[in-house]
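Q: Contents of data.txt (compact mmCIF, C-alpha atoms) are given next:
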```
# COMPACT_ATOMS: atom_id res chain seq x y z
CA MET N 151 89.78 90.49 119.47
CA SER N 152 90.68 88.53 122.56
CA GLU N 153 89.25 85.30 123.84
CA GLU N 154 89.02 84.22 127.47
CA GLY N 155 91.06 87.27 128.55
CA ARG N 156 94.16 85.89 126.85
CA GLU N 157 96.10 88.15 124.45
CA VAL N 158 95.62 86.85 120.92
CA THR N 159 98.88 86.64 118.99
CA ALA N 160 99.27 88.03 115.47
CA SER N 161 99.34 84.61 113.87
CA GLU N 162 96.05 83.68 115.54
CA LYS N 163 94.21 86.80 114.50
CA ASP N 164 92.07 86.54 111.46
CA PHE N 165 93.36 88.37 108.45
CA ARG N 166 90.59 90.94 108.30
CA THR N 167 91.28 92.10 111.86
CA LEU N 168 94.99 92.33 111.17
CA PHE N 169 94.37 94.26 107.95
CA ALA N 170 91.95 96.64 109.68
CA GLU N 171 94.40 97.30 112.51
CA ASN N 172 97.23 98.02 110.08
CA LYS N 173 95.26 99.77 107.35
CA ASN N 174 97.35 102.94 107.55
CA LYS N 175 100.60 101.02 107.17
CA VAL N 176 99.23 99.11 104.20
CA THR N 177 98.63 102.30 102.21
CA SER N 178 101.64 104.29 103.45
CA ALA N 179 103.93 101.44 102.32
CA VAL N 180 102.92 102.09 98.70
CA PRO N 181 104.66 105.31 97.53
CA PHE N 182 102.32 106.12 94.64
CA VAL N 183 99.18 105.60 96.73
CA ARG N 184 100.69 107.71 99.51
CA SER N 185 101.55 110.47 97.03
CA LEU N 186 97.86 110.78 96.11
CA GLY N 187 96.74 110.96 99.74
CA PHE N 188 94.52 107.90 99.41
CA THR N 189 93.78 105.96 102.60
CA VAL N 190 91.92 102.80 103.57
CA THR N 191 89.06 103.75 105.87
CA GLU N 192 87.38 100.44 106.63
CA VAL N 193 87.89 96.74 106.13
CA THR N 194 84.77 94.60 106.31
CA LYS N 195 84.42 90.86 105.88
CA THR N 196 84.39 91.12 102.10
CA LYS N 197 85.21 94.71 101.16
CA VAL N 198 87.96 97.28 101.48
CA HIS N 199 86.82 100.91 101.64
CA GLY N 200 88.96 103.95 100.95
CA ARG N 201 88.87 107.73 100.72
CA LEU N 202 90.65 110.21 98.49
CA PRO N 203 90.48 113.79 99.79
CA TYR N 204 90.23 116.42 97.03
CA ARG N 205 93.56 118.04 96.24
CA ASP N 206 94.60 120.59 93.60
CA ASP N 207 97.56 118.52 92.39
CA LEU N 208 95.24 115.63 91.41
CA VAL N 209 93.25 117.76 88.95
CA GLY N 210 93.41 116.75 85.29
CA ASP N 211 91.92 119.83 83.68
CA PRO N 212 92.40 123.08 85.63
CA GLU N 213 89.47 124.74 83.83
CA THR N 214 86.99 122.30 85.37
CA GLY N 215 88.81 121.29 88.55
CA VAL N 216 87.89 117.66 87.87
CA VAL N 217 90.26 115.04 89.33
CA ALA N 218 92.26 113.27 86.57
CA SER N 219 90.90 109.92 85.43
CA GLY N 220 94.34 108.42 86.06
CA VAL N 221 93.93 109.15 89.76
CA ILE N 222 90.64 107.23 89.85
CA THR N 223 92.33 104.43 87.90
CA THR N 224 95.09 104.23 90.50
CA ILE N 225 92.89 104.12 93.58
CA LEU N 226 90.59 101.50 92.05
CA ASP N 227 93.54 99.34 90.93
CA SER N 228 95.09 99.60 94.41
CA LEU N 229 91.89 98.89 96.27
CA CYS N 230 91.14 95.88 94.05
CA GLY N 231 94.63 94.54 94.81
CA MET N 232 94.10 94.97 98.54
CA SER N 233 90.78 93.14 98.41
CA CYS N 234 92.54 89.95 97.23
CA GLY N 235 93.92 89.43 100.74
CA LEU N 236 90.42 89.27 102.21
CA LYS N 237 89.49 86.38 99.94
CA LEU N 238 92.81 84.57 100.39
CA ASN N 239 92.94 85.32 104.12
CA ALA N 240 96.59 86.39 103.84
CA PHE N 241 98.76 89.21 102.50
CA MET N 242 99.49 87.54 99.17
CA PRO N 243 101.73 89.21 96.61
CA VAL N 244 99.53 89.97 93.59
CA ALA N 245 100.12 91.69 90.25
CA THR N 246 97.41 93.24 88.08
CA LEU N 247 96.77 91.16 84.97
CA ASP N 248 94.14 93.36 83.45
CA LEU N 249 91.99 96.23 84.45
CA ARG N 250 88.81 97.62 82.92
CA ILE N 251 87.35 100.91 84.07
CA ASP N 252 84.15 102.65 83.06
CA TYR N 253 84.14 106.38 83.82
CA MET N 254 80.48 107.14 84.33
CA ARG N 255 80.67 110.81 85.24
CA PRO N 256 83.39 113.33 86.06
CA ALA N 257 84.16 113.62 89.76
CA ALA N 258 82.69 116.81 91.24
CA PRO N 259 85.45 119.25 92.25
CA LEU N 260 86.27 119.88 95.95
CA VAL N 261 84.46 116.70 97.05
CA ASP N 262 86.19 113.62 98.49
CA ILE N 263 86.09 110.48 96.38
CA LEU N 264 85.06 107.29 98.14
CA ALA N 265 85.74 103.80 96.84
CA GLU N 266 85.15 100.19 97.73
CA ALA N 267 86.48 96.94 96.30
CA GLU N 268 85.83 93.25 96.74
CA CYS N 269 87.48 90.10 95.52
CA TYR N 270 84.50 87.99 94.47
CA HIS N 271 86.39 84.88 93.43
CA ALA N 272 89.87 83.43 93.79
CA THR N 273 91.53 80.38 92.29
CA ARG N 274 94.98 79.05 93.14
CA SER N 275 96.57 81.48 90.69
CA VAL N 276 94.10 84.29 90.00
CA CYS N 277 91.89 86.73 91.96
CA PHE N 278 88.85 88.32 90.33
CA THR N 279 87.89 91.70 91.75
CA ARG N 280 85.53 94.62 91.20
CA ALA N 281 85.34 98.10 92.61
CA ILE N 282 83.37 101.33 92.45
CA ALA N 283 84.23 104.96 93.10
CA TYR N 284 81.53 107.42 94.16
CA GLN N 285 80.89 110.74 95.83
CA GLY N 286 78.43 111.27 98.66
CA GLU N 287 75.74 108.67 98.13
CA ARG N 288 76.91 105.21 97.11
CA ASP N 289 74.67 105.24 94.03
CA ARG N 290 76.27 108.43 92.75
CA MET N 291 78.94 106.39 91.03
CA ILE N 292 81.73 108.09 89.14
CA ALA N 293 83.55 104.95 87.99
CA SER N 294 83.45 101.19 88.18
CA ALA N 295 86.30 98.74 87.75
CA ALA N 296 86.87 95.04 87.10
CA ALA N 297 90.37 93.68 87.54
CA ALA N 298 92.06 90.29 87.56
CA PHE N 299 95.21 89.71 89.59
CA ALA N 300 97.85 87.02 89.32
CA ILE N 301 99.02 85.56 92.61
CA THR N 302 102.75 85.91 92.21
CA GLY N 303 104.21 84.18 95.26
CA ARG N 304 103.80 82.82 98.75
CA PRO N 305 102.02 84.72 101.54
CA ILE N 306 103.97 87.72 102.81
CA ASP N 307 105.12 87.22 106.43
CA ARG N 308 102.60 88.97 108.64
CA LYS N 309 105.39 90.30 110.86
CA ALA N 310 106.84 92.10 107.82
CA VAL N 311 103.52 93.85 107.29
CA THR N 312 102.68 94.67 110.88
CA MET I 754 96.87 115.25 57.40
CA THR I 755 94.13 117.78 56.97
CA GLN I 756 94.97 119.69 60.14
CA ASP I 757 97.94 121.87 60.74
CA PRO I 758 100.34 119.80 62.89
CA PRO I 759 102.19 122.67 64.62
CA ALA I 760 98.94 124.27 65.85
CA ASN I 761 97.68 120.98 67.28
CA ALA I 762 101.08 120.17 68.76
CA GLY I 763 100.85 123.46 70.62
CA ALA I 764 97.42 122.52 72.02
CA LEU I 765 98.79 119.13 73.10
CA LEU I 766 101.78 120.60 74.87
CA SER I 767 99.78 123.30 76.60
CA PHE I 768 97.30 120.65 77.80
CA LEU I 769 100.16 118.70 79.42
CA GLU I 770 101.66 121.90 80.79
CA ALA I 771 98.36 123.08 82.28
CA SER I 772 97.28 119.75 83.80
CA PRO I 773 98.33 119.60 87.49
CA PHE I 774 98.23 115.79 87.53
CA ALA I 775 100.31 115.45 84.33
CA ARG I 776 102.86 117.81 85.87
CA LYS I 777 102.86 115.90 89.16
CA MET I 778 103.56 112.68 87.24
CA GLY I 779 106.34 114.43 85.31
CA VAL I 780 105.02 113.33 81.92
CA SER I 781 106.71 114.88 78.89
CA CYS I 782 105.89 114.46 75.24
CA ALA I 783 107.91 114.83 72.04
CA VAL I 784 105.91 115.49 68.88
CA ALA I 785 107.22 114.09 65.59
CA GLY I 786 104.82 115.04 62.83
CA ASP I 787 101.59 113.21 63.59
CA GLU I 788 103.28 110.82 66.04
CA ILE I 789 104.24 111.33 69.66
CA LEU I 790 106.71 109.80 72.09
CA ALA I 791 105.69 110.24 75.71
CA THR I 792 108.08 109.77 78.61
CA LEU I 793 107.39 109.08 82.27
CA PRO I 794 110.73 109.71 83.99
CA PHE I 795 111.34 107.36 86.88
CA ASP I 796 110.60 108.79 90.31
CA GLU I 797 110.41 107.03 93.70
CA MET I 798 106.85 108.36 93.97
CA LEU I 799 105.79 106.03 91.12
CA ILE I 800 106.67 102.83 92.99
CA GLY I 801 103.73 100.52 93.74
CA ASN I 802 105.58 97.62 95.33
CA ALA I 803 108.53 98.72 97.47
CA ARG I 804 109.69 95.14 98.08
CA ILE I 805 110.35 94.34 94.42
CA ARG I 806 110.63 98.00 93.34
CA ALA I 807 107.96 97.73 90.66
CA LEU I 808 106.13 100.70 89.17
CA HIS I 809 102.53 101.10 90.31
CA GLY I 810 100.03 99.64 87.84
CA GLY I 811 97.79 102.66 88.33
CA ALA I 812 100.64 105.05 87.57
CA MET I 813 101.42 103.20 84.34
CA ALA I 814 97.74 103.16 83.32
CA ALA I 815 97.44 106.87 84.15
CA PHE I 816 100.52 107.56 82.00
CA LEU I 817 99.00 105.66 79.06
CA GLU I 818 95.71 107.54 79.49
CA LEU I 819 97.65 110.79 79.20
CA THR I 820 99.53 109.46 76.16
CA ALA I 821 96.27 108.46 74.46
CA THR I 822 94.75 111.87 75.26
CA ALA I 823 97.84 113.66 73.94
CA ARG I 824 97.69 111.64 70.71
CA LEU I 825 94.07 112.69 70.18
CA TYR I 826 95.05 116.36 70.42
CA LEU I 827 97.27 115.89 67.37
CA VAL I 828 94.61 114.49 65.07
CA ALA I 829 91.41 116.14 66.29
CA ASP I 830 90.78 119.85 66.69
CA LEU I 831 89.84 119.70 70.35
CA LYS I 832 88.42 122.72 72.06
CA ARG I 833 88.22 120.91 75.39
CA PRO I 834 90.15 117.88 76.65
CA PRO I 835 88.42 114.72 75.37
CA LYS I 836 86.21 112.96 77.92
CA ILE I 837 87.40 109.48 78.71
CA ILE I 838 84.63 106.84 78.54
CA ASP I 839 86.41 103.61 79.43
CA ILE I 840 89.80 101.92 79.45
CA THR I 841 91.04 98.36 79.21
CA VAL I 842 94.58 97.81 80.44
CA ASP I 843 96.77 94.75 79.87
CA TYR I 844 99.70 94.34 82.22
CA LEU I 845 102.22 92.37 80.16
CA ARG I 846 105.45 92.67 82.13
CA GLN I 847 106.58 94.07 85.44
CA GLY I 848 107.32 97.80 85.30
CA LYS I 849 110.85 98.20 86.61
CA ALA I 850 112.22 101.18 88.54
CA ALA I 851 113.22 102.98 85.33
CA ASP I 852 111.87 105.46 82.78
CA LEU I 853 108.75 104.39 80.91
CA PHE I 854 108.11 105.37 77.29
CA ALA I 855 104.85 105.25 75.36
CA GLU I 856 103.32 105.82 71.97
CA ALA I 857 99.69 105.77 70.91
CA SER I 858 97.78 105.10 67.72
CA ILE I 859 94.30 106.13 66.74
CA VAL I 860 92.20 103.02 66.08
CA LYS I 861 89.17 105.02 64.97
CA LEU I 862 88.34 108.68 65.06
CA GLY I 863 84.66 109.21 64.50
CA ARG I 864 82.57 112.36 64.62
CA ARG I 865 81.90 111.98 68.35
CA MET I 866 83.89 108.99 69.59
CA ALA I 867 87.47 107.91 69.33
CA SER I 868 89.20 104.62 70.08
CA VAL I 869 92.90 104.91 70.93
CA HIS I 870 95.49 102.22 71.60
CA ALA I 871 98.64 102.98 73.58
CA GLU I 872 101.65 100.90 74.56
CA ALA I 873 104.43 101.51 77.06
CA TRP I 874 107.89 99.95 77.18
CA GLN I 875 111.18 100.32 78.99
CA ALA I 876 114.44 98.77 77.73
CA GLU I 877 113.05 97.31 74.49
CA ARG I 878 110.24 98.59 72.30
CA ALA I 879 109.49 94.99 71.27
CA LYS I 880 108.76 94.07 74.89
CA PRO I 881 105.77 96.19 75.93
CA VAL I 882 105.14 96.49 79.66
CA VAL I 883 101.56 97.79 79.52
CA ALA I 884 98.99 98.18 76.75
CA LEU I 885 95.82 100.23 76.91
CA THR I 886 92.74 100.72 74.77
CA ALA I 887 90.67 103.77 75.62
CA HIS I 888 87.45 105.25 74.28
CA PHE I 889 86.91 108.98 74.34
CA LEU I 890 84.07 111.36 73.67
CA VAL I 891 85.72 113.98 71.47
CA ARG I 892 82.66 116.05 70.70
CA GLU I 893 79.42 116.48 72.59
CA ASP I 894 76.15 116.18 70.72
CA ASP I 895 75.54 119.32 68.76
CA PRO I 896 72.20 119.50 66.94
CA ASN I 897 73.57 122.23 64.67
CA ALA I 898 76.60 120.18 63.63
CA ALA I 899 76.92 119.57 59.92
```
Do you think you could lay out the structure here as structure tokens?
A:
Amino acid sequence: MSEEGREVTASEKDFRTLFAENKNKVTSAVPFVRSLGFTVTEVTKTKVHGRLPYRDDLVGDPETGVVASGVITTILDSLCGMSCGLKLNAFMPVATLDLRIDYMRPAAPLVDILAEAECYHATRSVCFTRAIAYQGERDRMIASAAAAFAITGRPIDRKAVT
Amino acid sequence: MTQDPPANAGALLSFLEASPFARKMGVSCAVAGDEILATLPFDEMLIGNARIRALHGGAMAAFLELTATARLYLVADLKRPPKIIDITVDYLRQGKAADLFAEASIVKLGRRMASVHAEAWQAERAKPVVALTAHFLVREDDPNAA
């Protein structure tokens, strides 16, 4: 995103652009998210999208090959947390206050799990978020989440993130 | 207790042993009669915030889901792992870079559904870090059931 041919500095870039450009760093900086192989694939104006490739070590019950519910819980919690930044327009430190997940159907084995989250409201101290996980078509939902996050500090220095 | 505890304890432990994700997390479980004590040994992999070295909220919730599931094995004769319906998680304190312990209690065990509450702590049992309530489907509809 450059204007008038001039290089736009990091501080001038809007948060979404910065997030999108550094989406791999954002997930690789979180050990547990990295250990699952979950990555952010797209950052839109209001939503963060991610993908979890199927892996044998994520299976809960080996007889069915279904990915453990705890894995879905983790990616939805993470994605909800990341969506807070889009609403606050900064990398704010947040901590999950509460999390509610409905598991609508077991994830089909061998198929990637896709997810998207949005922060639909933020106050000075709290962010309200929701997310869904699905496979293939967006309406083939496997889980939905609602989570509230406490804003726990000042914005994280953008240089530290990028 | 109407069920035989050792037989169900065996089913519980083999479920944890057979589950790739439970093994990846490193979850272990000690059975004491009809109670359990689950342990999530600290591992760098479980960190969610590297700056403040806090455990990942998802990892803690996943651990409590496993604890709740394990607890159900003890009281219900499960042929298959119970199907999780929903969870509500309360994050009460920051999870520090240390072992996490958990116990679970059955709120209600019905013919088809079960409600289970689980709590995790670190240094002090009286200071829970995370609490979870989960609903499970323990038995599919069976028209021939008594």
Q: Considering only C-alpha atoms, extract the chain N residues located within 8 Å of chain I and return them as a PyMOL selection string.
A: chain N and resi 179-183+185+206-212+218-221+223-225+227-228+246-254
Q: Please identify all polymer residues within 6 Å of Pro259 in chain N, counting only C-alpha atoms, omitting same-chain residues fewer than 2 positions from it, and present them as number ranges by chain.
A: N: 215-216, 261
Q: Got a sec to check which residues sit within 12 Å of (77.3, 102.7, 93.1), counting all atoms listed in the file, and write them as a PyMOL selection string?
A: chain N and resi 254-255+264-267+280-295
Q: If I take CA of Gln875 in chain I and CA of Ala850 in chain I, how far is one from the other in Å, to one decimal?
A: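 CA of Ala850 in chain I lies at a distance of 9.6 Å from CA of Gln875 in chain I.
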Q: For a test of reading the model, state the distance in Å between CA of Leu229 in chain N and CA of Leu890 in chain I, rounded to one decimal.
A: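 Rounded to one decimal, the two atoms are 27.0 Å apart.
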Q: Report, in Å to a single decimal, how far apart CA of Val869 in chain I and CA of Lys849 in chain I are.
A: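 For CA of Lys849 in chain I relative to CA of Val869 in chain I, the distance reads 24.8 Å.
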Q: Between I:Leu862, I:Lys880, I:Arg806, I:Val828, single out the one closest to Ala760 in chain I, counting all atoms listed in the file.
A: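 Ranking I:Leu862, I:Lys880, I:Arg806, I:Val828 by distance to Ala760 in chain I, first place goes to I:Val828.
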Q: So which one's closest to Val176 in chain N, N:Ile222, N:Met232, N:Cys269, N:Cys277? Using all atoms listed in the file, please.
A: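 Among the listed residues, the smallest separation from Val176 in chain N belongs to N:Met232.
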Q: Fewer than 2 positions away in the same chain doesn't count, so skip those; otherwise give me all residues within 10 Å of Ile789 in chain I, counting all atoms listed in the file, as a PDB file with C-alpha atoms, in the frame of the given file.
A:
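Generated file (out_36.pdb):
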```
ATOM      1  CA  ALA I 762     101.080 120.170  68.760  1.00  0.00           C
ATOM      2  CA  CYS I 782     105.890 114.460  75.240  1.00  0.00           C
ATOM      3  CA  ALA I 783     107.910 114.830  72.040  1.00  0.00           C
ATOM      4  CA  VAL I 784     105.910 115.490  68.880  1.00  0.00           C
ATOM      5  CA  ALA I 785     107.220 114.090  65.590  1.00  0.00           C
ATOM      6  CA  GLY I 786     104.820 115.040  62.830  1.00  0.00           C
ATOM      7  CA  ASP I 787     101.590 113.210  63.590  1.00  0.00           C
ATOM      8  CA  ALA I 791     105.690 110.240  75.710  1.00  0.00           C
ATOM      9  CA  THR I 792     108.080 109.770  78.610  1.00  0.00           C
ATOM     10  CA  THR I 820      99.530 109.460  76.160  1.00  0.00           C
ATOM     11  CA  ALA I 821      96.270 108.460  74.460  1.00  0.00           C
ATOM     12  CA  ALA I 823      97.840 113.660  73.940  1.00  0.00           C
ATOM     13  CA  ARG I 824      97.690 111.640  70.710  1.00  0.00           C
ATOM     14  CA  LEU I 827      97.270 115.890  67.370  1.00  0.00           C
ATOM     15  CA  ALA I 855     104.850 105.250  75.360  1.00  0.00           C
ATOM     16  CA  GLU I 856     103.320 105.820  71.970  1.00  0.00           C
ATOM     17  CA  ALA I 857      99.690 105.770  70.910  1.00  0.00           C
ATOM     18  CA  SER I 858      97.780 105.100  67.720  1.00  0.00           C
TER      19      SER I 858
END
```
Q: Find, counting all atoms listed in the file, the residue in N:Lys173, N:Lys197, N:Lys163, N:Arg274 that gets nearest to Ile301 in chain N.
A: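 Counting all atoms listed in the file, the residue closest to Ile301 in chain N is N:Arg274.
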Q: Write out as a PyMOL selection string which residues come within 12 Å of Glu171 in chain N when counting all atoms listed in the file, dropping same-chain ones fewer than 2 positions away.
A: chain N and resi 151+160+163-169+173-176+190-194+311-312
Q: Once 5 Å is added on each side, what are the centre and the three edge lengths, in Å to one decimal, of the axis-aligned box enclosing the listed atoms of range 283-287 of chain N? Present them as lines of an AutoDock Vina configuration file.
A:
```
center_x = 80.0
center_y = 108.1
center_z = 95.9
size_x = 18.5
size_y = 16.3
size_z = 15.6
```
Q: Pick from I:Val891, I:Ala867, I:Ile805, I:Leu853: nearest to Val244 in chain N, with only C-alpha atoms counted?
A: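 Going through I:Val891, I:Ala867, I:Ile805, I:Leu853 one by one, the smallest distance to Val244 in chain N is for I:Ile805.
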Q: Between N:Val276, N:Leu236, N:Met242, N:Ile263, which has the minimum distance to Pro305 in chain N (counting all atoms listed in the file)?
A: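 Looking only at the distances to Pro305 in chain N, the closest residue turns out to be N:Met242.
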Q: Rebuild range 778-792 of chain I to N, CA and C atoms - output it as a compact mmCIF listing (two decimals), in the coordinates of the input, please.
A:
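Result written to selection-v7.txt:
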```txt
# COMPACT_ATOMS: atom_id res chain seq x y z
N MET I 778 102.99 113.94 87.71
CA MET I 778 103.56 112.68 87.24
C MET I 778 104.91 112.92 86.56
N GLY I 779 105.10 114.11 86.01
CA GLY I 779 106.34 114.43 85.31
C GLY I 779 106.34 113.99 83.85
N VAL I 780 105.14 113.80 83.29
CA VAL I 780 105.02 113.33 81.92
C VAL I 780 105.50 114.38 80.92
N SER I 781 106.33 113.97 79.97
CA SER I 781 106.71 114.88 78.89
C SER I 781 106.39 114.20 77.56
N CYS I 782 106.33 115.00 76.50
CA CYS I 782 105.89 114.46 75.24
C CYS I 782 106.65 115.13 74.09
N ALA I 783 107.23 114.30 73.22
CA ALA I 783 107.91 114.83 72.04
C ALA I 783 107.00 114.57 70.84
N VAL I 784 106.77 115.61 70.05
CA VAL I 784 105.91 115.49 68.88
C VAL I 784 106.78 115.34 67.64
N ALA I 785 106.50 114.30 66.85
CA ALA I 785 107.22 114.09 65.59
C ALA I 785 106.18 113.95 64.49
N GLY I 786 105.86 115.07 63.84
CA GLY I 786 104.82 115.04 62.83
C GLY I 786 103.50 114.68 63.47
N ASP I 787 102.87 113.60 62.98
CA ASP I 787 101.59 113.21 63.59
C ASP I 787 101.78 112.07 64.60
N GLU I 788 103.01 111.83 65.01
CA GLU I 788 103.28 110.82 66.04
C GLU I 788 103.80 111.51 67.30
N ILE I 789 103.68 110.78 68.42
CA ILE I 789 104.24 111.33 69.66
C ILE I 789 105.04 110.25 70.38
N LEU I 790 106.00 110.68 71.17
CA LEU I 790 106.71 109.80 72.09
C LEU I 790 106.58 110.44 73.47
N ALA I 791 105.88 109.73 74.35
CA ALA I 791 105.69 110.24 75.71
C ALA I 791 106.68 109.57 76.64
N THR I 792 107.14 110.31 77.64
CA THR I 792 108.08 109.77 78.61
C THR I 792 107.58 110.02 80.03
```
